[in-house]
Protein chains: 2
Amino acid sequence: MARRATSRDVAERAGVSRSAVSMVLNGRGDGNIAVEKQAAILAAAAELDYTPNSVALSLRNQRTHTLGVVTDAIATTAFGGRLLEGAARAAEQAGFVLVVMDTHRDAAREGQAYRTLLDRRVDALAFAAMTFREYEVPAVMSSVPAVLADCVDPDGQVLGFVPDEVDGGYQAARAVLDAGHRDVVLLAGQADVPGEQHKLAPGQRELGFRRALQEAGLPVHEPIVAGWDITSGYRAASALLAGTPRPTAVVCANDRVALGAVLAAGALGLRVPADLSVVGYDDDENLAPFMVPPLTTVRLPFKEMGEQAVRHLLDQLTGRTTGQAPAGSTCTGHAPARVLLPCPLIARGSVAPPAR
Amino acid sequence: MARRATSRDVAERAGVSRSAVSMVLNGRGDGNIAVEKQAAILAAAAELDYTPNSVALSLRNQRTHTLGVVTDAIATTAFGGRLLEGAARAAEQAGFVLVVMDTHRDAAREGQAYRTLLDRRVDALAFAAMTFREYEVPAVMSSVPAVLADCVDPDGQVLGFVPDEVDGGYQAARAVLDAGHRDVVLLAGQADVPGEQHKLAPGQRELGFRRALQEAGLPVHEPIVAGWDITSGYRAASALLAGTPRPTAVVCANDRVALGAVLAAGALGLRVPADLSVVGYDDDENLAPFMVPPLTTVRLPFKEMGEQAVRHLLDQLTGRTTGQAPAGSTCTGHAPARVLLPCPLIARGSVAPPAR
DNA sequence: CTGAAAGCGCTTACAG
DNA sequence: CTGAAAGCGCTTACAG
């Protein structure tokens, strides 16, 4: 618990002023400080294991090199972890650090979180949603540069980095269409779950799904609203597969629903993918690669959302606010400002050509 | 992006000195400052929406009210999220904030993480492991109060809050024993996975498992080392259930292995729990409650590890380092210092009395 | 080329 | 009862 060395310690040891220490250690020594003094300063700093106190630096420079991110329960899910991981990595590369505060979907805690972060003088603010939705940006957020991840500002004031869910739905459908299926059903998740925000994903995915079928000149079966968990998938698929005519492929709301469908197929003596092709959504790292057979699914760009949101913030902070637009298809204007990030298909073993 | 008010602004508006503002806002006004001045200060502070600058406070008080936590990939898993959630909540209640840095199991980044955190003058440090194991505490960690979560210091210098895995294994076995099973097999996970640290859990769980069977006067079948994922569980269970005599219950390494076992049972025409009882481990919130049937499992105390580790740090910081030991069964001495946290059984539908 | 001074926003002794 | 001063650890003009 020894006291850390300060610039004064270094100055004394090197026999110079603190100003000189500061100059040299910040690379502005040449032309200002005699070479032998520079050497002495560097040596003293090394011996003392000196490193500037970030707190003092923050006060002096009015910059904390800290990004505040508030989330609704995102820090407690594996997907949220991916987003945070991308964000943290991008921040780290620029010498920034993240302080994330989870509100557990509690509006009261949200205001508190922004307050705490602003009191600590974070340089910028991000809000990351657990599930793709609209987010009413609180006024307090705009007191510093701000950005959204996995949600959009309906007023279009704050830029949001979000998944291209229409494309995701399209990709999922194409996976089975390309394998030759002509009879495919969408096992969708509901947009509104009690106690949760209205989800934007289901509608958009269905749009993409329909588009793919239409392009292929196929009739579109009315989607079945199954749900979001294993049991829901099991129930919906059981009913669907017991009927006739039976589809040869199902595209599911997420990997858990897909697992339910696989379970239901098994219970009915159907083999996946021989008798039934199944496509998931999410690419759940603990589930999809380890299912039997491994699940073909669509990956959500969580890491990318985190990365790009942070990069956007960093750009604003370093003054590059004007200039090139972020990667992905931006769409500003009066409508919600957003950057769409691709949802790639991850092909594995649960899709095969139909038997007939 | 307006400039935030400072104590000087408040002082000017209230017509007093900054010292007075500080006193009053810190509750030390009575007896020091005239009541009418106190009122003026409070009013001015409210009008200006004044809140002290945390950075200045940190520099002045030599306290950042920030806890640094470094993790190995824990921030990117749902379980890690639970630990962090518990930690964040405990910190928040005391007016502290967490800065977590994930090393992705990269030793080089670990040193860098501690360095960054210490430069930022965190008041204390925690290390949280992704999976229960030993952790060689780096010297740099002891420059401030430190604690471990989900891992133990082999030198016993730094206290670790860890799951009572022996008890967990015991609980899992008791779940089926109490239902009347006498022929139960342990589908264990391997302690050593290539590229990962040696896991402490498997050995301890097996110990608990054996103890329960012995207490019940039952012979202990040699555990089968299945693995940690769905596929592993599926394979091991398929082989096991195809043989004779067939066990009436399996206790699994985790919920994913349990799912694999359920899948394997289904493929063989066996019903769970009628023909086979299955117990998982982890209480994976996306899996266990939604399996068909819902899975009986053992919960790991992630949230508790996070909570108690932070409380321990907070106690040290507020000087309550002497006095009462933390909750749970402490065991210090020369051996690794640790606090064991209980792993409760979560009874659901996958266990029933054996058919015969 | 180099050091003394001022100031970032606070709080705590210390005079008055 | 109240205000001026010092100082936390830095850096940036500014004199010399």
# chains A, B, ... in the order shown; residues from 1 in each chain; ligands from 1
>>> select_by_dssp(residues="segment 84-188 of chain B", states="alpha helix (DSSP H)", output="PyMOL selection string")
chain B and resi 84-93+107-119+165-177
>>> write_last_selection(atoms="C-alpha atoms", output="mmCIF file, in the first residue's frame")
data_model
loop_
_atom_site.group_PDB
_atom_site.id
_atom_site.type_symbol
_atom_site.label_atom_id
_atom_site.label_comp_id
_atom_site.auth_asym_id
_atom_site.auth_seq_id
_atom_site.Cartn_x
_atom_site.Cartn_y
_atom_site.Cartn_z
ATOM 1 C CA LEU B 84 -21.087 -8.535 -11.871
ATOM 2 C CA GLU B 85 -24.692 -7.670 -11.164
ATOM 3 C CA GLY B 86 -24.318 -8.657 -7.533
ATOM 4 C CA ALA B 87 -21.074 -6.761 -7.301
ATOM 5 C CA ALA B 88 -22.479 -3.643 -8.951
ATOM 6 C CA ARG B 89 -25.511 -3.597 -6.724
ATOM 7 C CA ALA B 90 -23.486 -3.876 -3.538
ATOM 8 C CA ALA B 91 -21.136 -1.167 -4.769
ATOM 9 C CA GLU B 92 -23.942 1.136 -5.789
ATOM 10 C CA GLN B 93 -25.577 0.969 -2.391
ATOM 11 C CA ALA B 107 -2.067 -12.750 -19.250
ATOM 12 C CA ALA B 108 -0.477 -9.744 -20.927
ATOM 13 C CA ARG B 109 -3.722 -7.820 -20.851
ATOM 14 C CA GLU B 110 -4.144 -8.706 -17.218
ATOM 15 C CA GLY B 111 -1.095 -6.748 -16.132
ATOM 16 C CA GLN B 112 -2.204 -3.880 -18.318
ATOM 17 C CA ALA B 113 -5.650 -3.944 -16.740
ATOM 18 C CA TYR B 114 -4.297 -3.684 -13.196
ATOM 19 C CA ARG B 115 -2.015 -0.904 -14.313
ATOM 20 C CA THR B 116 -4.820 1.099 -15.887
ATOM 21 C CA LEU B 117 -7.033 0.634 -12.876
ATOM 22 C CA LEU B 118 -4.320 1.665 -10.450
ATOM 23 C CA ASP B 119 -3.412 4.700 -12.543
ATOM 24 C CA GLU B 165 -18.984 -27.270 -4.792
ATOM 25 C CA VAL B 166 -18.714 -30.273 -2.502
ATOM 26 C CA ASP B 167 -22.084 -29.363 -1.118
ATOM 27 C CA GLY B 168 -23.363 -28.779 -4.651
ATOM 28 C CA GLY B 169 -22.451 -32.290 -5.709
ATOM 29 C CA TYR B 170 -24.024 -33.592 -2.544
ATOM 30 C CA GLN B 171 -27.254 -31.684 -3.168
ATOM 31 C CA ALA B 172 -27.494 -32.944 -6.730
ATOM 32 C CA ALA B 173 -27.136 -36.550 -5.601
ATOM 33 C CA ARG B 174 -29.606 -36.092 -2.781
ATOM 34 C CA ALA B 175 -32.218 -34.835 -5.214
ATOM 35 C CA VAL B 176 -32.448 -38.234 -6.861
ATOM 36 C CA LEU B 177 -31.651 -40.281 -3.778
#
>>> closest_atom_pairs(of="segment 143-228 of chain A", to="segment 346-355 of chain A", cutoff="9 Å", atoms="only C-alpha atoms", output="Markdown table")
| residue | atom | partner | partner_atom | distance |
| --- | --- | --- | --- | --- |
| A:Ala175 | CA | A:Val351 | CA | 7.6 |
| A:Val176 | CA | A:Val351 | CA | 6.5 |
| A:Asp178 | CA | A:Pro353 | CA | 8.6 |
| A:Ala179 | CA | A:Pro353 | CA | 4.9 |
| A:Gly180 | CA | A:Pro353 | CA | 5.6 |
| A:His181 | CA | A:Pro354 | CA | 5.9 |
| A:Arg182 | CA | A:Pro354 | CA | 8.7 |
>>> write_last_selection(atoms="N, CA and C atoms", output="compact mmCIF listing (two decimals), in the first residue's frame")
# COMPACT_ATOMS: atom_id res chain seq x y z
N ALA A 175 -31.56 -19.43 -46.48
CA ALA A 175 -30.81 -20.63 -46.10
C ALA A 175 -31.58 -21.89 -46.50
N VAL A 176 -32.88 -21.90 -46.26
CA VAL A 176 -33.65 -23.10 -46.60
C VAL A 176 -34.13 -23.08 -48.05
N ASP A 178 -32.48 -21.83 -50.56
CA ASP A 178 -31.35 -22.23 -51.38
C ASP A 178 -31.12 -23.74 -51.34
N ALA A 179 -31.57 -24.37 -50.26
CA ALA A 179 -31.40 -25.82 -50.15
C ALA A 179 -32.52 -26.55 -50.92
N GLY A 180 -33.46 -25.78 -51.46
CA GLY A 180 -34.50 -26.40 -52.28
C GLY A 180 -35.88 -26.50 -51.64
N HIS A 181 -36.02 -25.98 -50.43
CA HIS A 181 -37.32 -26.07 -49.77
C HIS A 181 -38.32 -25.12 -50.40
N ARG A 182 -39.56 -25.56 -50.47
CA ARG A 182 -40.60 -24.72 -51.03
C ARG A 182 -41.76 -24.59 -50.04
>>> atom_distance(atom1="atom CA of Tyr234 of chain A", atom2="atom CA of Val292 of chain B")
8.2 Å
>>> interface_residues(of="chain A", to="chain C", cutoff="8 Å", atoms="only C-alpha atoms (C1' of nucleotides)", output="list in words")
Ser17, Ser19, Ala20, Asn32, Ile33, Ala34, Leu59, Arg60, Asn61 and Gln62 of chain A
>>> write_last_selection(atoms="N, CA and C atoms", output="PDB file, in the first residue's frame")
ATOM      1  N   SER A  17      12.540  20.906 -12.481  1.00  0.00           N
ATOM      2  CA  SER A  17      11.217  21.359 -12.043  1.00  0.00           C
ATOM      3  C   SER A  17      10.133  20.398 -12.513  1.00  0.00           C
ATOM      4  N   SER A  19       7.586  21.144 -14.183  1.00  0.00           N
ATOM      5  CA  SER A  19       7.237  21.481 -15.562  1.00  0.00           C
ATOM      6  C   SER A  19       8.080  20.661 -16.534  1.00  0.00           C
ATOM      7  N   ALA A  20       9.363  20.573 -16.209  1.00  0.00           N
ATOM      8  CA  ALA A  20      10.262  19.835 -17.096  1.00  0.00           C
ATOM      9  C   ALA A  20       9.849  18.366 -17.169  1.00  0.00           C
ATOM     10  N   ASN A  32      13.137  21.850 -26.002  1.00  0.00           N
ATOM     11  CA  ASN A  32      12.754  22.631 -24.833  1.00  0.00           C
ATOM     12  C   ASN A  32      13.608  22.321 -23.606  1.00  0.00           C
ATOM     13  N   ILE A  33      14.007  21.065 -23.518  1.00  0.00           N
ATOM     14  CA  ILE A  33      14.775  20.635 -22.350  1.00  0.00           C
ATOM     15  C   ILE A  33      16.106  20.028 -22.820  1.00  0.00           C
ATOM     16  N   ALA A  34      17.173  20.365 -22.120  1.00  0.00           N
ATOM     17  CA  ALA A  34      18.502  19.838 -22.464  1.00  0.00           C
ATOM     18  C   ALA A  34      18.489  18.316 -22.427  1.00  0.00           C
ATOM     19  N   LEU A  59      -8.837  16.249 -13.860  1.00  0.00           N
ATOM     20  CA  LEU A  59      -9.257  17.557 -13.353  1.00  0.00           C
ATOM     21  C   LEU A  59      -8.610  18.670 -14.170  1.00  0.00           C
ATOM     22  N   ARG A  60      -7.349  18.483 -14.395  1.00  0.00           N
ATOM     23  CA  ARG A  60      -6.599  19.498 -15.137  1.00  0.00           C
ATOM     24  C   ARG A  60      -7.095  19.601 -16.595  1.00  0.00           C
ATOM     25  N   ASN A  61      -7.219  18.486 -17.248  1.00  0.00           N
ATOM     26  CA  ASN A  61      -7.565  18.500 -18.669  1.00  0.00           C
ATOM     27  C   ASN A  61      -9.060  18.536 -18.962  1.00  0.00           C
ATOM     28  N   GLN A  62      -9.857  18.416 -17.946  1.00  0.00           N
ATOM     29  CA  GLN A  62     -11.310  18.395 -18.136  1.00  0.00           C
ATOM     30  C   GLN A  62     -11.718  17.261 -19.072  1.00  0.00           C
TER      31      GLN A  62
END
>>> closest_residue(among="A:Val10, A:Leu314, A:Ala249, A:Ala258", to="Ala236 of chain A", atoms="only C-alpha atoms")
A:Ala258
>>> residues_around(residues="Arg121 of chain B", least_positions_apart="4", cutoff="12 Å", atoms="only C-alpha atoms (C1' of nucleotides)", output="ChimeraX atom specification")
/A:3-4,51-58 /B:55,58-59,61-68,99,114-117,125,143-144
>>> write_last_selection(atoms="N, CA and C atoms", output="PDB file, in the first residue's frame")
ATOM      1  N   ARG A   3       2.735   4.659  -1.067  1.00  0.00           N
ATOM      2  CA  ARG A   3       2.291   5.823  -1.818  1.00  0.00           C
ATOM      3  C   ARG A   3       2.924   5.787  -3.209  1.00  0.00           C
ATOM      4  N   ARG A   4       2.121   6.127  -4.200  1.00  0.00           N
ATOM      5  CA  ARG A   4       2.649   6.155  -5.560  1.00  0.00           C
ATOM      6  C   ARG A   4       3.472   7.416  -5.748  1.00  0.00           C
ATOM      7  N   THR A  51       4.008   7.035 -12.952  1.00  0.00           N
ATOM      8  CA  THR A  51       2.931   7.059 -13.924  1.00  0.00           C
ATOM      9  C   THR A  51       1.998   8.165 -13.470  1.00  0.00           C
ATOM     10  N   PRO A  52       1.585   9.030 -14.363  1.00  0.00           N
ATOM     11  CA  PRO A  52       0.781  10.155 -13.883  1.00  0.00           C
ATOM     12  C   PRO A  52      -0.546   9.729 -13.277  1.00  0.00           C
ATOM     13  N   ASN A  53      -0.971  10.465 -12.314  1.00  0.00           N
ATOM     14  CA  ASN A  53      -2.232  10.218 -11.628  1.00  0.00           C
ATOM     15  C   ASN A  53      -3.381  10.639 -12.538  1.00  0.00           C
ATOM     16  N   SER A  54      -4.179   9.665 -12.954  1.00  0.00           N
ATOM     17  CA  SER A  54      -5.265   9.955 -13.890  1.00  0.00           C
ATOM     18  C   SER A  54      -6.288  10.927 -13.334  1.00  0.00           C
ATOM     19  N   VAL A  55      -6.477  10.878 -12.042  1.00  0.00           N
ATOM     20  CA  VAL A  55      -7.473  11.752 -11.443  1.00  0.00           C
ATOM     21  C   VAL A  55      -7.045  13.213 -11.597  1.00  0.00           C
ATOM     22  N   ALA A  56      -5.783  13.482 -11.292  1.00  0.00           N
ATOM     23  CA  ALA A  56      -5.270  14.846 -11.425  1.00  0.00           C
ATOM     24  C   ALA A  56      -5.331  15.288 -12.890  1.00  0.00           C
ATOM     25  N   LEU A  57      -4.976  14.356 -13.755  1.00  0.00           N
ATOM     26  CA  LEU A  57      -5.011  14.627 -15.190  1.00  0.00           C
ATOM     27  C   LEU A  57      -6.431  15.002 -15.620  1.00  0.00           C
ATOM     28  N   SER A  58      -7.374  14.261 -15.116  1.00  0.00           N
ATOM     29  CA  SER A  58      -8.768  14.503 -15.493  1.00  0.00           C
ATOM     30  C   SER A  58      -9.220  15.893 -15.062  1.00  0.00           C
TER      31      SER A  58
ATOM     32  N   VAL B  55     -14.586  14.282  -9.824  1.00  0.00           N
ATOM     33  CA  VAL B  55     -13.159  14.226 -10.116  1.00  0.00           C
ATOM     34  C   VAL B  55     -12.388  15.078  -9.113  1.00  0.00           C
ATOM     35  N   SER B  58     -12.359  13.426  -5.809  1.00  0.00           N
ATOM     36  CA  SER B  58     -11.423  12.307  -5.763  1.00  0.00           C
ATOM     37  C   SER B  58     -10.000  12.786  -5.518  1.00  0.00           C
ATOM     38  N   LEU B  59      -9.641  13.844  -6.191  1.00  0.00           N
ATOM     39  CA  LEU B  59      -8.284  14.358  -6.041  1.00  0.00           C
ATOM     40  C   LEU B  59      -8.088  14.882  -4.613  1.00  0.00           C
ATOM     41  N   ASN B  61      -9.919  14.219  -1.837  1.00  0.00           N
ATOM     42  CA  ASN B  61     -10.090  13.223  -0.778  1.00  0.00           C
ATOM     43  C   ASN B  61      -9.212  11.984  -0.927  1.00  0.00           C
ATOM     44  N   GLN B  62      -8.526  11.899  -2.037  1.00  0.00           N
ATOM     45  CA  GLN B  62      -7.698  10.715  -2.291  1.00  0.00           C
ATOM     46  C   GLN B  62      -8.533   9.433  -2.226  1.00  0.00           C
ATOM     47  N   ARG B  63      -9.752   9.565  -2.684  1.00  0.00           N
ATOM     48  CA  ARG B  63     -10.688   8.445  -2.725  1.00  0.00           C
ATOM     49  C   ARG B  63     -11.526   8.596  -3.982  1.00  0.00           C
ATOM     50  N   THR B  64     -11.555   7.587  -4.810  1.00  0.00           N
ATOM     51  CA  THR B  64     -12.345   7.714  -6.043  1.00  0.00           C
ATOM     52  C   THR B  64     -13.715   7.066  -5.932  1.00  0.00           C
ATOM     53  N   HIS B  65     -13.932   6.337  -4.854  1.00  0.00           N
ATOM     54  CA  HIS B  65     -15.185   5.598  -4.716  1.00  0.00           C
ATOM     55  C   HIS B  65     -15.413   4.727  -5.952  1.00  0.00           C
ATOM     56  N   THR B  66     -14.345   4.168  -6.404  1.00  0.00           N
ATOM     57  CA  THR B  66     -14.393   3.300  -7.576  1.00  0.00           C
ATOM     58  C   THR B  66     -13.683   1.999  -7.246  1.00  0.00           C
ATOM     59  N   LEU B  67     -14.276   0.895  -7.658  1.00  0.00           N
ATOM     60  CA  LEU B  67     -13.677  -0.414  -7.436  1.00  0.00           C
ATOM     61  C   LEU B  67     -13.265  -0.967  -8.795  1.00  0.00           C
ATOM     62  N   GLY B  68     -12.037  -1.442  -8.881  1.00  0.00           N
ATOM     63  CA  GLY B  68     -11.594  -2.022 -10.141  1.00  0.00           C
ATOM     64  C   GLY B  68     -11.801  -3.523 -10.107  1.00  0.00           C
ATOM     65  N   VAL B  99     -15.428  -0.411 -12.238  1.00  0.00           N
ATOM     66  CA  VAL B  99     -14.844  -0.356 -13.573  1.00  0.00           C
ATOM     67  C   VAL B  99     -14.332  -1.756 -13.826  1.00  0.00           C
ATOM     68  N   TYR B 114      -4.587  -4.137 -14.558  1.00  0.00           N
ATOM     69  CA  TYR B 114      -4.297  -3.684 -13.196  1.00  0.00           C
ATOM     70  C   TYR B 114      -3.627  -2.313 -13.233  1.00  0.00           C
ATOM     71  N   ARG B 115      -2.738  -2.159 -14.169  1.00  0.00           N
ATOM     72  CA  ARG B 115      -2.015  -0.904 -14.313  1.00  0.00           C
ATOM     73  C   ARG B 115      -2.990   0.263 -14.572  1.00  0.00           C
ATOM     74  N   THR B 116      -3.832   0.072 -15.534  1.00  0.00           N
ATOM     75  CA  THR B 116      -4.820   1.099 -15.887  1.00  0.00           C
ATOM     76  C   THR B 116      -5.685   1.453 -14.691  1.00  0.00           C
ATOM     77  N   LEU B 117      -6.155   0.428 -14.021  1.00  0.00           N
ATOM     78  CA  LEU B 117      -7.033   0.634 -12.876  1.00  0.00           C
ATOM     79  C   LEU B 117      -6.318   1.389 -11.750  1.00  0.00           C
ATOM     80  N   LEU B 125      -9.336  -3.468  -5.436  1.00  0.00           N
ATOM     81  CA  LEU B 125      -9.265  -4.323  -6.618  1.00  0.00           C
ATOM     82  C   LEU B 125      -9.899  -5.691  -6.368  1.00  0.00           C
ATOM     83  N   SER B 143      -1.324  -3.606  -3.735  1.00  0.00           N
ATOM     84  CA  SER B 143      -1.040  -2.207  -3.412  1.00  0.00           C
ATOM     85  C   SER B 143      -2.294  -1.505  -2.896  1.00  0.00           C
ATOM     86  N   VAL B 144      -3.435  -2.175  -3.024  1.00  0.00           N
ATOM     87  CA  VAL B 144      -4.698  -1.675  -2.458  1.00  0.00           C
ATOM     88  C   VAL B 144      -5.445  -2.882  -1.880  1.00  0.00           C
TER      89      VAL B 144
END
>>> atom_distance(atom1="atom CA of Ile230 of chain A", atom2="atom CA of Gly203 of chain A")
20.7 Å
>>> closest_residue(among="A:Glu206, A:Asp283, A:Asp102, A:Asp315", to="chain B", atoms="only C-alpha atoms")
A:Asp102
>>> select_by_dssp(residues="segment 235-320 of chain B", states="strand (DSSP E)", output="list in words")
Ala249, Val250, Val251, Cys252, Ser277, Val278, Val279, Thr297 and Val298 of chain B
